[in-house]
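Asks: Take a look at model-v1.cif, mmCIF, C-alpha atoms and all ligand atoms:
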```
data_final
#
loop_
_atom_site.label_atom_id
_atom_site.label_comp_id
_atom_site.auth_asym_id
_atom_site.auth_seq_id
_atom_site.Cartn_x
_atom_site.Cartn_y
_atom_site.Cartn_z
CA MET O 757 -50.96 -52.68 -166.75
CA SER O 758 -54.42 -52.74 -168.24
CA GLY O 759 -57.61 -51.18 -166.93
CA ARG O 760 -56.19 -48.08 -165.35
CA GLU O 761 -57.63 -44.63 -164.88
CA GLU O 762 -55.71 -41.67 -163.62
CA PHE O 763 -56.90 -38.36 -162.26
CA LYS O 764 -54.33 -35.70 -161.75
CA ARG O 765 -54.89 -32.62 -159.69
CA GLY O 766 -53.00 -29.41 -160.24
CA ILE O 767 -49.81 -29.05 -158.21
CA LEU O 768 -48.59 -25.78 -156.75
CA PHE O 769 -44.90 -25.04 -157.14
CA SER O 770 -43.22 -21.99 -155.69
CA ILE O 771 -39.92 -20.48 -156.68
CA SER O 772 -38.16 -17.97 -154.44
CA ALA O 773 -34.69 -16.45 -154.32
CA PRO O 774 -32.78 -13.42 -153.13
CA SER O 775 -32.66 -10.76 -155.83
CA GLY O 776 -29.73 -11.35 -158.18
CA ALA O 777 -29.91 -15.14 -158.01
CA GLY O 778 -31.38 -15.41 -161.50
CA LYS O 779 -34.77 -16.69 -160.44
CA THR O 780 -36.77 -15.00 -163.20
CA THR O 781 -34.57 -16.54 -165.91
CA VAL O 782 -34.90 -20.00 -164.37
CA ALA O 783 -38.68 -19.55 -164.03
CA ASN O 784 -39.06 -18.39 -167.63
CA ARG O 785 -37.06 -21.33 -168.97
CA LEU O 786 -39.18 -23.71 -166.92
CA LEU O 787 -42.38 -22.23 -168.31
CA GLU O 788 -41.03 -22.63 -171.84
CA ARG O 789 -39.81 -26.17 -171.40
CA VAL O 790 -42.23 -27.91 -169.05
CA ASP O 791 -45.57 -29.03 -170.45
CA ASN O 792 -48.70 -28.12 -168.54
CA LEU O 793 -47.01 -25.63 -166.26
CA LYS O 794 -48.31 -22.07 -166.06
CA LEU O 795 -47.20 -19.01 -164.17
CA SER O 796 -49.58 -17.79 -161.51
CA VAL O 797 -50.25 -14.13 -162.30
CA SER O 798 -49.96 -12.08 -159.10
CA HIS O 799 -51.43 -8.72 -158.25
CA THR O 800 -48.98 -5.93 -157.52
CA THR O 801 -49.11 -2.27 -156.64
CA ARG O 802 -45.76 -1.54 -158.27
CA GLN O 803 -45.48 0.46 -161.49
CA ILE O 804 -45.58 -1.47 -164.73
CA ARG O 805 -42.10 -1.80 -166.33
CA GLU O 806 -41.26 -1.53 -169.98
CA GLY O 807 -41.98 -4.78 -171.75
CA GLU O 808 -44.55 -5.93 -169.19
CA THR O 809 -48.21 -6.57 -169.99
CA ASP O 810 -51.08 -6.13 -167.56
CA GLY O 811 -52.78 -9.48 -166.94
CA VAL O 812 -49.77 -11.42 -168.23
CA ASP O 813 -46.83 -10.46 -166.00
CA TYR O 814 -48.98 -9.12 -163.20
CA TYR O 815 -52.38 -7.63 -162.58
CA PHE O 816 -51.23 -4.07 -161.94
CA THR O 817 -53.49 -2.85 -159.16
CA GLY O 818 -53.88 0.43 -157.31
CA VAL O 819 -53.08 0.45 -153.57
CA ASP O 820 -56.73 1.08 -152.61
CA ARG O 821 -58.00 -1.81 -154.69
CA PHE O 822 -55.22 -4.04 -153.34
CA MET O 823 -56.09 -3.19 -149.74
CA THR O 824 -59.77 -3.88 -150.43
CA MET O 825 -58.78 -7.29 -151.73
CA VAL O 826 -56.74 -7.86 -148.54
CA GLU O 827 -59.73 -6.87 -146.39
CA ASN O 828 -62.03 -9.14 -148.37
CA ASP O 829 -59.65 -12.06 -147.86
CA GLU O 830 -59.14 -12.48 -151.57
CA PHE O 831 -55.46 -13.37 -151.28
CA LEU O 832 -53.99 -16.76 -150.54
CA GLU O 833 -50.88 -14.84 -149.51
CA TRP O 834 -49.61 -11.33 -149.91
CA ALA O 835 -46.49 -9.46 -148.82
CA GLU O 836 -44.73 -6.15 -149.06
CA VAL O 837 -41.54 -6.51 -151.10
CA HIS O 838 -39.16 -3.58 -151.70
CA GLY O 839 -41.92 -1.11 -150.77
CA ASN O 840 -44.64 -2.53 -153.03
CA MET O 841 -47.43 -4.98 -152.36
CA TYR O 842 -47.64 -8.35 -154.09
CA GLY O 843 -50.27 -11.04 -153.72
CA THR O 844 -51.54 -14.33 -155.09
CA SER O 845 -55.31 -14.28 -155.39
CA MET O 846 -57.39 -17.27 -154.32
CA LYS O 847 -59.27 -16.98 -157.56
CA SER O 848 -56.25 -17.51 -159.79
CA ILE O 849 -55.22 -20.59 -157.81
CA ASP O 850 -58.69 -22.11 -157.66
CA THR O 851 -59.32 -21.78 -161.37
CA ALA O 852 -56.00 -23.37 -162.19
CA LEU O 853 -56.03 -26.20 -159.70
CA ASN O 854 -59.57 -27.22 -160.45
CA SER O 855 -58.91 -27.37 -164.13
CA ASN O 856 -57.02 -30.67 -163.71
CA ALA O 857 -55.09 -29.69 -166.78
CA TYR O 858 -51.98 -27.98 -165.54
CA ASP O 859 -49.76 -27.11 -162.60
CA LEU O 860 -49.02 -23.63 -161.34
CA LEU O 861 -45.71 -21.94 -160.65
CA LEU O 862 -45.83 -19.19 -158.04
CA ASP O 863 -43.00 -16.68 -158.27
CA ILE O 864 -43.15 -15.41 -154.70
CA ASP O 865 -40.76 -14.06 -152.12
CA VAL O 866 -39.64 -15.84 -148.95
CA GLN O 867 -42.48 -14.28 -146.91
CA GLY O 868 -45.05 -15.59 -149.40
CA ALA O 869 -43.70 -19.13 -149.04
CA ASP O 870 -43.84 -18.71 -145.23
CA THR O 871 -47.52 -17.77 -145.44
CA LEU O 872 -48.37 -20.81 -147.57
CA ARG O 873 -46.62 -23.07 -145.06
CA ALA O 874 -48.42 -21.40 -142.16
CA ARG O 875 -51.74 -21.91 -143.95
CA LYS O 876 -50.89 -25.60 -144.44
CA ILE O 877 -51.20 -25.29 -148.19
CA SER O 878 -49.78 -28.27 -150.00
CA PHE O 879 -47.07 -27.06 -152.36
CA ALA O 880 -43.52 -27.85 -153.43
CA SER O 881 -41.10 -25.02 -152.79
CA ILE O 882 -37.89 -24.33 -154.66
CA PHE O 883 -35.22 -21.90 -153.50
CA ILE O 884 -32.64 -20.61 -155.96
CA LEU O 885 -29.24 -19.76 -154.51
CA PRO O 886 -26.62 -17.65 -156.25
CA PRO O 887 -23.25 -19.47 -156.52
CA SER O 888 -21.65 -17.27 -153.82
CA THR O 889 -22.17 -13.96 -152.06
CA GLU O 890 -19.22 -12.53 -154.04
CA GLU O 891 -20.93 -13.52 -157.28
CA LEU O 892 -24.24 -12.12 -156.02
CA GLU O 893 -22.54 -8.83 -155.20
CA LYS O 894 -21.07 -8.76 -158.70
CA ARG O 895 -24.48 -9.43 -160.24
CA LEU O 896 -26.18 -6.78 -158.15
CA MET O 897 -23.45 -4.23 -159.00
CA GLY O 898 -23.48 -5.34 -162.63
CA ARG O 899 -26.95 -3.94 -163.10
CA GLY O 900 -25.20 -0.59 -162.87
CA THR O 901 -28.43 1.16 -162.04
CA ASP O 902 -28.16 1.23 -158.27
CA THR O 903 -26.07 3.17 -155.81
CA LYS O 904 -23.58 1.44 -153.48
CA GLU O 905 -26.02 1.92 -150.59
CA VAL O 906 -28.85 0.23 -152.49
CA VAL O 907 -26.57 -2.68 -153.44
CA ALA O 908 -25.45 -3.01 -149.79
CA LYS O 909 -29.09 -3.04 -148.65
CA ARG O 910 -30.01 -5.71 -151.22
CA LEU O 911 -27.01 -7.81 -150.18
CA LYS O 912 -28.05 -7.64 -146.54
CA ALA O 913 -31.59 -8.68 -147.45
CA ALA O 914 -30.22 -11.47 -149.67
CA ARG O 915 -28.11 -12.82 -146.82
CA SER O 916 -31.07 -12.95 -144.48
CA GLU O 917 -33.16 -14.71 -147.14
CA MET O 918 -30.40 -17.23 -147.84
CA GLU O 919 -30.30 -18.06 -144.13
CA GLN O 920 -33.86 -19.34 -144.54
CA MET O 921 -33.13 -21.85 -147.30
CA ASP O 922 -33.64 -24.85 -145.01
CA LYS O 923 -37.36 -24.14 -144.94
CA PHE O 924 -37.66 -24.98 -148.62
CA ASP O 925 -38.22 -28.43 -150.10
CA TYR O 926 -35.52 -28.00 -152.76
CA VAL O 927 -32.45 -25.78 -153.05
CA ILE O 928 -30.87 -25.21 -156.45
CA ILE O 929 -27.58 -23.39 -156.90
CA ASN O 930 -27.68 -21.22 -159.99
CA ASP O 931 -24.03 -21.54 -160.91
CA ASP O 932 -24.74 -22.71 -164.44
CA LEU O 933 -28.15 -21.79 -165.87
CA ASP O 934 -28.71 -24.98 -167.87
CA THR O 935 -27.88 -27.16 -164.87
CA ALA O 936 -30.16 -25.12 -162.62
CA VAL O 937 -33.03 -25.39 -165.11
CA SER O 938 -32.64 -29.14 -165.54
CA GLN O 939 -32.54 -29.58 -161.77
CA ALA O 940 -35.75 -27.57 -161.43
CA MET O 941 -37.31 -29.70 -164.18
CA ALA O 942 -36.30 -32.81 -162.25
CA VAL O 943 -38.10 -31.44 -159.18
CA ILE O 944 -41.28 -30.95 -161.20
CA THR O 945 -41.06 -34.44 -162.66
CA ALA O 946 -40.50 -35.99 -159.23
CA GLU O 947 -43.39 -34.08 -157.64
CA ARG O 948 -45.70 -35.12 -160.47
CA LEU O 949 -44.91 -38.76 -159.71
CA ARG O 950 -45.86 -38.56 -156.04
CA PRO O 951 -48.99 -40.60 -155.32
CA VAL O 952 -50.41 -37.73 -153.31
CA ASN O 953 -50.53 -35.72 -156.53
CA ARG O 954 -52.24 -38.38 -158.64
CA ARG O 955 -55.09 -40.74 -158.16
CA ILE O 956 -54.60 -43.95 -160.04
CA ILE O 957 -57.44 -46.43 -160.10
CA ILE O 958 -56.54 -49.95 -161.11
CA LYS O 959 -59.55 -51.84 -162.30
P1 LIG O 1001 -40.63 -7.84 -159.25
O1 LIG O 1001 -41.20 -6.52 -158.83
O2 LIG O 1001 -39.16 -7.72 -159.55
O3 LIG O 1001 -41.40 -8.46 -160.37
O4 LIG O 1001 -40.75 -8.82 -158.02
C1 LIG O 1001 -40.20 -8.51 -156.79
C2 LIG O 1001 -40.35 -9.68 -155.84
O5 LIG O 1001 -41.74 -9.91 -155.53
C3 LIG O 1001 -39.83 -11.01 -156.38
O6 LIG O 1001 -39.03 -11.61 -155.37
C4 LIG O 1001 -41.09 -11.83 -156.59
O7 LIG O 1001 -40.86 -13.21 -156.38
C5 LIG O 1001 -42.00 -11.28 -155.53
N1 LIG O 1001 -43.41 -11.54 -155.85
C6 LIG O 1001 -44.03 -11.45 -157.05
N2 LIG O 1001 -45.33 -11.79 -156.94
C7 LIG O 1001 -45.55 -12.13 -155.65
C8 LIG O 1001 -46.69 -12.57 -154.91
O8 LIG O 1001 -47.79 -12.74 -155.42
N3 LIG O 1001 -46.50 -12.79 -153.59
C9 LIG O 1001 -45.30 -12.63 -152.97
N4 LIG O 1001 -45.23 -12.90 -151.67
N5 LIG O 1001 -44.20 -12.20 -153.62
C10 LIG O 1001 -44.32 -11.96 -154.94
#
```
Go ahead and render the structure in this file as structure tokens.
Ligand code: 5GP
Replies:
Amino acid sequence: MSGREEFKRGILFSISAPSGAGKTTVANRLLERVDNLKLSVSHTTRQIREGETDGVDYYFTGVDRFMTMVENDEFLEWAEVHGNMYGTSMKSIDTALNSNAYDLLLDIDVQGADTLRARKISFASIFILPPSTEELEKRLMGRGTDTKEVVAKRLKAARSEMEQMDKFDYVIINDDLDTAVSQAMAVITAERLRPVNRRIIIK
């Protein structure tokens, strides 16, 4: 085809999962392997962990500042997860999506994805499922850092999140990491080919 111009706008992808499903590993592999895909850096009130960098993993924000941002409507979505606040700022999305250069991956919880749907934001949502609840229990126990009660609480939360998987556009079972990553890559490729995400002008 000759005489063709294409304008691509940035696509929003979200990835959500119950804790223990291996979402962070899948997301990191995607960011390494997929061209023109960047992680949306969220704000959080939780403490910085070893190995994390402010402005790279999160914008680590005090509760007062976070609440001011909520009041000023600076978040596209925000939620309380495990006792801390997390939010995606409008600013980070706008800058990325108007750049025309890359797509954004939002690592958000199930509530965050609910908010985006309620706000009629156009995005493609991926849900990562652990292979089974037995395997999830093993993974949650395997961390070895939590008491039985904490593991039981996480499992209960995971079950209720898994019950919501039908709301997502894509569900990927993280039985084998490589398979899960290639399936997520296939989702990104497919979404990038949708006419709604590109504007092709044939001259
Ligand atoms: P962590 O503290 O382990 O980095 O993240 C805890 C949970 O918060 C994860 O499920 C993660 O997806 C979620 N999360 C991280 N950033 C955001 C955000 O901006 N919005 C929402 N709704 N959830 C987030």
Asks: Which of these residues is nearest to ligand LIG 1001 (chain O), using all atoms listed in the file: O:Gly766, O:Gly759, O:Gly818, O:Gly839?
Replies: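 Closest to ligand LIG 1001 (chain O), using all atoms listed in the file: O:Gly839.
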Asks: Go through O:Glu890, O:Asp820, O:Asp870, O:Asp859 and flag the residue nearest Leu786 in chain O, using only C-alpha atoms for the distances.
Replies: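 Checking each of O:Glu890, O:Asp820, O:Asp870, O:Asp859 against Leu786 in chain O, counting only C-alpha atoms, the winner is O:Asp859.
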Asks: Can you tell me which residues surround Arg805 in chain O at a distance of at most 12 Å, considering only C-alpha atoms, apart from same-chain residues fewer than 6 positions away, and format the answer as a ChimeraX atom specification?
Replies: /O:813-814,816
Asks: How about saving the chosen residues, C-alpha atoms kept, as a PDB file, in the frame of the given file?
Replies:
```pdb
ATOM      1  CA  ASP O 813     -46.830 -10.460-166.000  1.00  0.00           C
ATOM      2  CA  TYR O 814     -48.980  -9.120-163.200  1.00  0.00           C
ATOM      3  CA  PHE O 816     -51.230  -4.070-161.940  1.00  0.00           C
TER       4      PHE O 816
END
```
Asks: Go through O:Thr903, O:Gln939, O:Ser881, O:Ser796 one by one, measure the shortest atom-to-atom distance of each to Leu860 in chain O using only C-alpha atoms, and give the residue with the smallest value.
Replies: O:Ser796
Asks: For a cutoff of 10 Å around the file-coordinate point (-27.1, -23.2, -157.5), which residues qualify once you count all atoms listed in the file? I'd like the result as a VMD selection string.
Replies: chain O and resid 777 to 778 883 to 888 927 to 933 935 to 937 939
Asks: Closest to Arg955 in chain O among O:Leu768, O:Ile804, O:Val790, O:Asn856, using only C-alpha atoms?
Replies: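 The closest residue to Arg955 in chain O is O:Asn856.
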Asks: Hey, which bits of chain O sit within 10 Å of ligand LIG 1001 (chain O), and for each residue what's the closest pair of atoms and how far apart in Å (one decimal), counting only C-alpha atoms and all ligand atoms, rows by chain and increasing number, as a tab-separated table?
Replies:
```
residue	atom	partner	partner_atom	distance
O:Ser770	CA	O:LIG1001	O7	9.1
O:Ile771	CA	O:LIG1001	O7	7.3
O:Ser772	CA	O:LIG1001	O7	5.8
O:Ala773	CA	O:LIG1001	O6	6.6
O:Pro774	CA	O:LIG1001	O6	6.9
O:Ser775	CA	O:LIG1001	O6	6.4
O:Gly776	CA	O:LIG1001	O6	9.7
O:Lys779	CA	O:LIG1001	O7	8.1
O:Thr780	CA	O:LIG1001	O7	8.2
O:Ser796	CA	O:LIG1001	O8	8.1
O:Val797	CA	O:LIG1001	O8	7.4
O:Ser798	CA	O:LIG1001	O8	4.3
O:His799	CA	O:LIG1001	O8	6.1
O:Thr800	CA	O:LIG1001	N2	6.9
O:Thr801	CA	O:LIG1001	O1	9.2
O:Arg802	CA	O:LIG1001	O1	6.8
O:Gln803	CA	O:LIG1001	O1	8.6
O:Ile804	CA	O:LIG1001	O1	8.9
O:Arg805	CA	O:LIG1001	O1	8.9
O:Glu808	CA	O:LIG1001	O3	9.7
O:Asp813	CA	O:LIG1001	O3	8.1
O:Tyr814	CA	O:LIG1001	N2	7.7
O:Tyr815	CA	O:LIG1001	O8	9.9
O:Phe831	CA	O:LIG1001	O8	8.7
O:Leu832	CA	O:LIG1001	O8	8.9
O:Glu833	CA	O:LIG1001	N3	6.3
O:Trp834	CA	O:LIG1001	N4	5.0
O:Ala835	CA	O:LIG1001	N4	4.6
O:Glu836	CA	O:LIG1001	N4	7.3
O:Val837	CA	O:LIG1001	O5	5.6
O:His838	CA	O:LIG1001	C1	7.2
O:Gly839	CA	O:LIG1001	C1	9.7
O:Asn840	CA	O:LIG1001	O1	7.8
O:Met841	CA	O:LIG1001	N3	8.0
O:Tyr842	CA	O:LIG1001	C8	4.4
O:Gly843	CA	O:LIG1001	O8	3.5
O:Thr844	CA	O:LIG1001	O8	4.1
O:Ser845	CA	O:LIG1001	O8	7.7
O:Leu862	CA	O:LIG1001	O8	7.2
O:Asp863	CA	O:LIG1001	O7	4.5
O:Ile864	CA	O:LIG1001	N5	3.5
O:Asp865	CA	O:LIG1001	N5	4.2
O:Val866	CA	O:LIG1001	N4	6.9
O:Gln867	CA	O:LIG1001	N4	5.7
O:Gly868	CA	O:LIG1001	N4	3.5
O:Ala869	CA	O:LIG1001	N4	6.9
O:Asp870	CA	O:LIG1001	N4	8.8
O:Thr871	CA	O:LIG1001	N4	8.2
O:Leu872	CA	O:LIG1001	N4	9.4
```
Asks: Calculate how many Å separate CA of Glu762 in chain O from CA of Ile957 in chain O, rounding to one decimal.
Replies: 6.2 Å
Asks: For Thr889 in chain O, work out the shell of residues within 9 Å, counting all atoms listed in the file and skipping chain neighbours fewer than 4 positions away, then give it as an NGL selection string.
Replies: :O and (893-894 or 911 or 914-915)
Asks: Report the distance between CA of Asn854 in chain O and CA of Arg765 in chain O in Å, rounded to one decimal place.
Replies: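 Computing the Euclidean distance for CA of Asn854 in chain O and CA of Arg765 in chain O yields 7.2 Å.
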Asks: Could you please determine the separation between CA of Ala852 in chain O and CA of Glu947 in chain O in Å, to one decimal place?
Replies: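 One can read the CA of Ala852 in chain O to CA of Glu947 in chain O distance as 17.2 Å.
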Asks: Select, from O:Arg760, O:Arg785, O:Lys794, O:Arg873, the residue with the minimum atom-to-atom distance to Lys923 in chain O, counting only C-alpha atoms.
Replies: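 Smallest separation from Lys923 in chain O among the options: O:Arg873.
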Asks: Nearest to Val952 in chain O: which of O:Gly811, O:Phe822, O:Thr781, O:Ser878 is it, counting all atoms listed in the file?
Replies: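 Of O:Gly811, O:Phe822, O:Thr781, O:Ser878, the one nearest Val952 in chain O, counting all atoms listed in the file, is O:Ser878.
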Asks: Report, as AutoDock Vina command-line options, the centre and edge lengths in Å (one decimal) of the axis-aligned box enclosing every listed atom of range 849-868 of chain O, padded by 3 Å on each side.
Replies:
```
--center_x -49.6 --center_y -22.4 --center_z -156.8 --size_x 25.9 --size_y 22.6 --size_z 25.9
```
Asks: Write a file for range 778-790 of chain O, containing N, CA and C atoms (output as a PDB file, in the first residue's frame).
Replies:
```pdb
ATOM      1  N   GLY O 778       1.744 -13.519  40.976  1.00  0.00           N
ATOM      2  CA  GLY O 778       2.954 -13.304  40.171  1.00  0.00           C
ATOM      3  C   GLY O 778       2.850 -12.143  39.205  1.00  0.00           C
ATOM      4  N   LYS O 779       1.943 -11.229  39.537  1.00  0.00           N
ATOM      5  CA  LYS O 779       1.702 -10.095  38.627  1.00  0.00           C
ATOM      6  C   LYS O 779       2.933  -9.223  38.392  1.00  0.00           C
ATOM      7  N   THR O 780       3.663  -8.918  39.462  1.00  0.00           N
ATOM      8  CA  THR O 780       4.816  -8.023  39.325  1.00  0.00           C
ATOM      9  C   THR O 780       5.857  -8.618  38.376  1.00  0.00           C
ATOM     10  N   THR O 781       6.086  -9.929  38.491  1.00  0.00           N
ATOM     11  CA  THR O 781       7.055 -10.578  37.597  1.00  0.00           C
ATOM     12  C   THR O 781       6.578 -10.490  36.151  1.00  0.00           C
ATOM     13  N   VAL O 782       5.306 -10.772  35.931  1.00  0.00           N
ATOM     14  CA  VAL O 782       4.774 -10.696  34.561  1.00  0.00           C
ATOM     15  C   VAL O 782       4.923  -9.263  34.040  1.00  0.00           C
ATOM     16  N   ALA O 783       4.553  -8.286  34.877  1.00  0.00           N
ATOM     17  CA  ALA O 783       4.621  -6.880  34.448  1.00  0.00           C
ATOM     18  C   ALA O 783       6.062  -6.485  34.120  1.00  0.00           C
ATOM     19  N   ASN O 784       7.002  -6.895  34.961  1.00  0.00           N
ATOM     20  CA  ASN O 784       8.404  -6.530  34.709  1.00  0.00           C
ATOM     21  C   ASN O 784       8.926  -7.141  33.417  1.00  0.00           C
ATOM     22  N   ARG O 785       8.558  -8.391  33.164  1.00  0.00           N
ATOM     23  CA  ARG O 785       8.998  -9.034  31.911  1.00  0.00           C
ATOM     24  C   ARG O 785       8.422  -8.301  30.705  1.00  0.00           C
ATOM     25  N   LEU O 786       7.149  -7.900  30.840  1.00  0.00           N
ATOM     26  CA  LEU O 786       6.505  -7.186  29.727  1.00  0.00           C
ATOM     27  C   LEU O 786       7.247  -5.895  29.428  1.00  0.00           C
ATOM     28  N   LEU O 787       7.582  -5.179  30.505  1.00  0.00           N
ATOM     29  CA  LEU O 787       8.259  -3.885  30.332  1.00  0.00           C
ATOM     30  C   LEU O 787       9.636  -4.068  29.695  1.00  0.00           C
ATOM     31  N   GLU O 788      10.268  -5.207  29.982  1.00  0.00           N
ATOM     32  CA  GLU O 788      11.578  -5.479  29.381  1.00  0.00           C
ATOM     33  C   GLU O 788      11.440  -5.841  27.899  1.00  0.00           C
ATOM     34  N   ARG O 789      10.386  -6.600  27.607  1.00  0.00           N
ATOM     35  CA  ARG O 789      10.316  -7.199  26.269  1.00  0.00           C
ATOM     36  C   ARG O 789       9.508  -6.432  25.239  1.00  0.00           C
ATOM     37  N   VAL O 790       8.556  -5.612  25.703  1.00  0.00           N
ATOM     38  CA  VAL O 790       7.688  -4.943  24.726  1.00  0.00           C
ATOM     39  C   VAL O 790       8.211  -3.539  24.438  1.00  0.00           C
TER      40      VAL O 790
END
```
